[in-house]
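One file, query-v4.txt, is given below (compact mmCIF, C-alpha atoms).
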```txt
# COMPACT_ATOMS: atom_id res chain seq x y z
CA MET A 1 167.65 175.24 -156.22
CA ALA A 2 165.36 173.45 -158.62
CA ILE A 3 162.45 171.80 -156.86
CA ARG A 4 162.32 168.33 -158.36
CA VAL A 5 158.64 167.62 -158.37
CA SER A 6 156.13 166.30 -160.89
CA ARG A 7 152.92 168.04 -161.92
CA ALA A 8 151.02 165.64 -159.64
CA GLY A 9 153.22 166.69 -156.73
CA SER A 10 155.65 163.82 -156.13
CA SER A 11 159.42 163.46 -156.49
CA PRO A 12 160.47 161.51 -159.60
CA ARG A 13 162.56 158.39 -159.07
CA PRO A 14 166.27 159.37 -159.19
CA GLN A 15 167.87 158.19 -162.45
CA THR A 16 171.40 158.26 -161.03
CA GLY A 17 171.00 155.08 -158.98
CA GLY A 18 173.20 154.45 -155.95
CA TRP A 19 172.46 156.06 -152.58
CA GLU A 20 169.89 158.54 -153.83
CA LEU A 21 167.82 155.76 -155.38
CA ALA A 22 168.11 153.68 -152.20
CA ILE A 23 166.94 156.67 -150.12
CA TRP A 24 164.06 157.25 -152.56
CA TYR A 25 162.87 153.66 -152.05
CA LEU A 26 163.45 153.79 -148.29
CA MET A 27 161.35 156.99 -148.01
CA ARG A 28 158.43 155.09 -149.51
CA LEU A 29 159.07 151.94 -147.47
CA THR A 30 159.33 153.83 -144.15
CA GLY A 31 156.29 155.86 -145.23
CA LEU A 32 154.25 152.66 -145.55
CA GLY A 33 155.64 151.44 -142.22
CA LEU A 34 154.57 154.70 -140.60
CA PHE A 35 151.14 154.53 -142.22
CA VAL A 36 150.58 151.46 -140.05
CA THR A 37 152.63 152.19 -136.91
CA ALA A 38 152.19 155.97 -136.55
CA LEU A 39 148.46 156.00 -137.35
CA ALA A 40 147.89 153.06 -134.98
CA HIS A 41 149.92 154.91 -132.35
CA PHE A 42 147.80 158.04 -132.79
CA ILE A 43 144.55 156.03 -132.57
CA ILE A 44 145.70 154.24 -129.39
CA VAL A 45 147.01 157.33 -127.61
CA HIS A 46 144.46 159.96 -128.76
CA PHE A 47 141.27 158.05 -129.61
CA ILE A 48 141.11 154.88 -127.50
CA SER A 49 142.90 156.57 -124.60
CA ASP A 50 143.44 160.25 -123.75
CA PRO A 51 146.78 162.03 -123.24
CA ALA A 52 145.39 163.67 -120.09
CA VAL A 53 145.69 160.35 -118.19
CA GLN A 54 149.00 159.24 -119.69
CA THR A 55 151.40 159.94 -116.84
CA ALA A 56 154.89 158.44 -116.77
CA ASP A 57 153.45 155.69 -114.56
CA TRP A 58 150.67 154.98 -117.09
CA ILE A 59 153.26 154.56 -119.84
CA ALA A 60 155.25 152.10 -117.74
CA LYS A 61 152.18 150.08 -116.69
CA ASN A 62 150.23 150.11 -119.98
CA ARG A 63 152.04 151.12 -123.15
CA TRP A 64 155.43 149.68 -122.33
CA ALA A 65 154.51 146.89 -119.91
CA ASP A 66 155.98 144.25 -122.23
CA ALA A 67 158.88 144.02 -124.62
CA ALA A 68 156.66 143.41 -127.67
CA TRP A 69 155.13 146.92 -127.50
CA ARG A 70 158.57 148.42 -126.91
CA THR A 71 159.80 146.58 -130.01
CA VAL A 72 156.90 147.90 -132.10
CA ASP A 73 157.57 151.42 -130.86
CA TRP A 74 161.28 151.08 -131.51
CA LEU A 75 160.47 150.06 -135.09
CA MET A 76 158.25 153.14 -135.37
CA LEU A 77 161.10 155.26 -133.98
CA ALA A 78 163.50 153.88 -136.59
CA PHE A 79 160.99 154.55 -139.39
CA VAL A 80 160.17 158.06 -138.22
CA VAL A 81 163.75 159.18 -137.63
CA PHE A 82 164.73 158.11 -141.15
CA HIS A 83 161.56 159.44 -142.80
CA ALA A 84 161.40 162.77 -140.95
CA PHE A 85 165.08 163.67 -141.20
CA MET A 86 165.52 162.49 -144.79
CA GLY A 87 162.31 164.36 -145.63
CA LEU A 88 163.72 167.53 -144.12
CA ARG A 89 166.94 166.91 -146.05
CA ILE A 90 164.90 167.16 -149.27
CA VAL A 91 163.45 170.47 -148.05
CA VAL A 92 166.95 171.78 -147.15
CA GLN A 93 168.35 170.74 -150.52
CA ASP A 94 165.47 172.46 -152.33
CA TYR A 95 166.06 175.85 -150.74
CA THR A 96 169.80 176.06 -149.97
CA LYS A 97 173.09 175.57 -151.76
CA GLY A 98 176.86 175.60 -151.13
CA SER A 99 178.18 175.63 -147.58
CA ALA A 100 174.79 176.42 -146.01
CA ARG A 101 173.38 173.26 -147.57
CA MET A 102 176.36 171.24 -146.36
CA ALA A 103 176.14 172.61 -142.81
CA LEU A 104 172.37 172.12 -142.52
CA THR A 105 172.54 168.60 -143.96
CA MET A 106 175.26 167.64 -141.47
CA ALA A 107 173.20 169.19 -138.65
CA LEU A 108 170.26 167.01 -139.75
CA TYR A 109 172.37 163.84 -139.69
CA ILE A 110 173.67 164.68 -136.20
CA GLY A 111 170.14 165.61 -135.04
CA ALA A 112 168.77 162.32 -136.37
CA PHE A 113 171.45 160.39 -134.47
CA VAL A 114 170.76 162.27 -131.21
CA ILE A 115 166.96 161.81 -131.44
CA PHE A 116 167.33 158.12 -132.32
CA ALA A 117 169.71 157.62 -129.39
CA MET A 118 167.40 159.45 -126.94
CA GLY A 119 164.36 157.49 -128.11
CA THR A 120 166.18 154.18 -127.93
CA MET A 121 167.48 155.04 -124.46
CA ALA A 122 163.94 155.83 -123.23
CA LEU A 123 162.55 152.62 -124.77
CA ILE A 124 165.20 150.39 -123.20
CA THR A 125 165.44 151.95 -119.74
CA PHE A 126 161.85 153.11 -119.11
CA LYS A 127 160.60 152.06 -115.69
CA ALA A 128 157.62 152.79 -113.50
CA ALA A 129 158.12 155.67 -111.11
CA GLY A 130 158.51 153.70 -107.90
CA PRO A 131 157.84 154.74 -104.32
CA VAL A 132 159.49 158.04 -103.41
CA GLN A 133 163.02 157.44 -102.14
CA PRO A 134 163.76 158.78 -98.65
CA MET B 1 151.21 182.60 -153.75
CA LEU B 2 150.10 179.18 -152.58
CA PHE B 3 146.89 179.38 -154.60
CA ARG B 4 148.14 181.33 -157.63
CA TYR B 5 151.48 179.78 -158.59
CA ARG B 6 150.60 176.82 -160.80
CA GLY B 7 147.72 176.54 -158.41
CA SER B 8 146.28 173.21 -159.48
CA GLU B 9 145.53 170.25 -157.22
CA GLY B 10 148.97 168.70 -157.77
CA MET B 11 150.76 171.82 -156.54
CA LEU B 12 148.50 172.19 -153.51
CA ALA B 13 148.88 168.49 -152.70
CA TRP B 14 152.65 168.98 -152.76
CA ALA B 15 152.57 172.19 -150.69
CA PHE B 16 150.33 170.67 -148.00
CA HIS B 17 152.51 167.55 -147.94
CA ARG B 18 155.62 169.65 -147.35
CA ILE B 19 154.03 171.94 -144.72
CA SER B 20 152.50 169.01 -142.80
CA GLY B 21 155.79 167.09 -143.09
CA VAL B 22 157.88 169.89 -141.57
CA ALA B 23 155.27 170.37 -138.81
CA ILE B 24 155.30 166.65 -137.96
CA TRP B 25 159.13 166.67 -137.95
CA ALA B 26 159.04 169.50 -135.38
CA PHE B 27 156.55 167.58 -133.25
CA ILE B 28 158.69 164.42 -133.42
CA LEU B 29 161.60 166.36 -131.89
CA LEU B 30 159.32 167.52 -129.04
CA HIS B 31 157.78 164.08 -128.63
CA VAL B 32 161.04 162.13 -128.35
CA LEU B 33 162.31 164.78 -125.91
CA ASP B 34 159.19 164.53 -123.73
CA ILE B 35 159.25 160.72 -123.60
CA TRP B 36 162.96 160.86 -122.79
CA LEU B 37 162.07 163.34 -120.05
CA ALA B 38 159.29 161.07 -118.70
CA ASN B 39 161.94 158.51 -117.80
CA VAL B 40 164.49 160.99 -116.42
CA ASN B 41 162.10 163.26 -114.49
CA ALA B 42 158.57 161.83 -114.21
CA THR B 43 157.25 164.76 -112.13
CA LEU B 44 158.27 167.34 -114.72
CA TYR B 45 156.75 165.18 -117.48
CA ASN B 46 153.47 164.82 -115.61
CA ASP B 47 153.34 168.63 -115.27
CA LEU B 48 153.91 168.96 -119.02
CA LEU B 49 151.05 166.50 -119.54
CA GLY B 50 148.66 169.04 -117.97
CA LEU B 51 149.47 171.28 -120.94
CA TYR B 52 148.74 168.48 -123.43
CA GLY B 53 145.36 167.80 -121.80
CA SER B 54 144.29 171.47 -121.65
CA PRO B 55 141.85 172.96 -124.22
CA VAL B 56 144.75 174.64 -126.05
CA GLY B 57 146.66 171.35 -125.98
CA ARG B 58 143.65 169.61 -127.51
CA VAL B 59 143.57 172.09 -130.40
CA GLY B 60 147.27 171.29 -130.92
CA GLU B 61 146.49 167.56 -130.78
CA SER B 62 143.78 168.01 -133.42
CA LEU B 63 146.11 169.98 -135.68
CA LEU B 64 148.78 167.30 -135.26
CA GLY B 65 146.24 164.59 -136.10
CA ALA B 66 145.11 166.53 -139.19
CA ALA B 67 148.72 166.98 -140.39
CA LEU B 68 149.45 163.30 -139.76
CA LEU B 69 146.30 162.06 -141.52
CA TYR B 70 146.77 164.32 -144.54
CA HIS B 71 150.46 163.38 -144.85
CA ALA B 72 149.65 159.66 -144.53
CA LEU B 73 146.84 159.72 -147.13
CA ASN B 74 148.72 161.90 -149.62
CA GLY B 75 151.78 159.71 -149.05
CA LEU B 76 149.75 156.71 -150.22
CA ARG B 77 148.68 158.76 -153.26
CA ILE B 78 152.34 159.47 -154.05
CA ILE B 79 153.28 155.78 -153.68
CA ILE B 80 150.40 154.75 -155.96
CA MET B 81 151.55 157.17 -158.67
CA ASP B 82 155.22 156.25 -158.26
CA PHE B 83 154.67 152.53 -158.68
CA TRP B 84 151.71 152.60 -161.07
CA PRO B 85 152.58 155.60 -163.28
CA SER B 86 149.36 155.21 -165.30
CA MET B 87 147.50 156.32 -162.15
CA THR B 88 149.13 159.77 -162.49
CA ARG B 89 146.36 160.57 -165.00
CA TYR B 90 143.96 160.45 -162.08
CA HIS B 91 146.10 162.44 -159.63
CA LYS B 92 143.32 165.00 -159.08
CA GLN B 93 140.70 162.33 -158.39
CA LEU B 94 143.10 160.60 -156.00
CA TRP B 95 143.56 163.91 -154.17
CA TYR B 96 139.79 164.38 -153.83
CA ALA B 97 139.52 160.78 -152.57
CA ASN B 98 142.14 161.74 -149.95
CA TRP B 99 139.91 164.55 -148.72
CA VAL B 100 136.88 162.29 -148.51
CA ALA B 101 138.88 159.79 -146.41
CA PHE B 102 140.34 162.70 -144.41
CA VAL B 103 136.86 163.93 -143.39
CA VAL B 104 135.36 160.46 -142.81
CA ILE B 105 138.26 159.33 -140.60
CA GLY B 106 139.08 162.74 -139.13
CA VAL B 107 135.73 164.00 -137.86
CA PRO B 108 135.07 161.21 -135.29
CA ILE B 109 138.66 161.60 -134.01
CA LEU B 110 138.23 165.38 -133.81
CA ILE B 111 135.02 165.01 -131.76
CA GLN B 112 136.67 162.45 -129.47
CA ILE B 113 139.69 164.71 -128.83
CA MET B 114 137.81 168.01 -128.44
CA ALA B 115 134.81 166.85 -126.34
CA PRO B 116 136.59 167.14 -122.94
CA ALA B 117 137.59 170.74 -123.80
CA PHE B 118 133.87 171.61 -123.82
CA GLY B 119 133.19 169.76 -120.58
CA LEU B 120 131.62 166.83 -122.41
CA THR B 121 132.55 163.19 -122.00
CA ALA B 122 134.33 161.68 -124.99
CA PRO B 123 131.64 159.89 -127.08
CA PHE B 124 133.56 156.68 -127.77
CA THR B 125 134.47 154.61 -124.73
CA PHE B 126 136.71 151.58 -124.54
CA GLY B 127 137.05 149.18 -121.65
CA GLY B 128 140.13 149.58 -119.51
CA ALA B 129 141.65 152.63 -121.14
```
Translate this file's structure into structure tokens.
Amino acid sequence: MAIRVSRAGSSPRPQTGGWELAIWYLMRLTGLGLFVTALAHFIIVHFISDPAVQTADWIAKNRWADAAWRTVDWLMLAFVVFHAFMGLRIVVQDYTKGSARMALTMALYIGAFVIFAMGTMALITFKAAGPVQP
Amino acid sequence: MLFRYRGSEGMLAWAFHRISGVAIWAFILLHVLDIWLANVNATLYNDLLGLYGSPVGRVGESLLGAALLYHALNGLRIIIMDFWPSMTRYHKQLWYANWVAFVVIGVPILIQIMAPAFGLTAPFTFGGA
């Protein structure tokens, strides 16, 4: 139940090593990755362009016209799924214990897998909405 | 409670980081679902887009941008303190620097996003987009 947080408001580096230490480093690494990819994404989609014009066709013809942009966005997806779900895992572990903690943590892992799979599927298979089929 | 318990900058920085983080997590779920939907049913997605472009949608966009920008800047502050522990002495100053950057970067983006909701043209224009 203890909220492991310093006076300045950050989580101390785990002293146990192993997975928890690896996750601690990866949270910071994916955070830096998202600082670049997610902020750039927000600037492109909300500042340079406007969501009001971003139809499915616009995505196919502009954002995802070439594989390089899809690769960048897939990288962002990988960063965000890890960072967001592992971040929520910290929240869950701060406020729950016992079987509730176990169940919620498992639900997060399954949720992360589903969201990553759906995002990857969209990135790989996205195509322009063609002429209406008869 | 948010302002009384401990109550200093460090605690508020942490609370805002957690609240914005959970909010962004919730949006990520929605966002991956909507992009997945755009490929499966483009018509339904384009209808949903009308909601995103509406005045209410623009307020939501602005709130999302604010959460994202705060979380990103405070995340840098956390990384700085984690890897250069001597900087922890200046954690309050770093937090104030975050707010300066937040306003300087955030206000132009806010104006750009909200202008169409007031019937104005967005002030910054870019060729092609």
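Taking CA of Ala42 in chain B and CA of Thr55 in chain A as endpoints, the distance between them is 7.9 Å.
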Which residues are close to Ile19 in chain B, i.e. within 12 Å by all atoms listed in the file, leaving aside same-chain residues fewer than 5 positions away? Reply as a list in words. Gly87, Leu88 and Val91 of chain A; Leu2, Leu12, Ala13, Trp14, Ile24, Trp25, Ala26, Leu64, Ala66, Ala67, Leu68, Tyr70 and His71 of chain B
For chain B, work out the contacting residues on chain A at 7 Å, counting only C-alpha atoms, and write them as a list in words.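 The contacting residues on chain A are Arg7, Ala8, Gly9, Ser10, Arg28, Phe35, His46, Phe47, Ile48, Ser49, Pro51, Ala52, Thr55, Ala56, Ala84, Leu88, Ile115, Met118, Gly119, Ala122, Phe126, Lys127 and Ala129 of chain A.
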For CA of Pro55 in chain B and CA of Met114 in chain B, the interatomic separation in Å (one decimal):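 The value is 7.7 Å.
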Separation of CA of Lys61 in chain A and CA of His83 in chain A, in Å?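 Straight-line distance from CA of Lys61 in chain A to CA of His83 in chain A works out to 29.3 Å.
Omitting Leu123 in chain A and its sequence neighbours fewer than 6 positions away, and counting all atoms listed in the file, the residues within 10 Å are Trp64, Ala67, Trp69, Arg70, Thr71, Asp73, Trp74, Leu77 and Ala117 of chain A; Ile35, Trp36 and Asn39 of chain B.
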Counting all atoms listed in the file, the residue among A:Trp24, A:Trp19, A:Phe113, A:Tyr95 that lies closest to Ala78 in chain A is A:Phe113
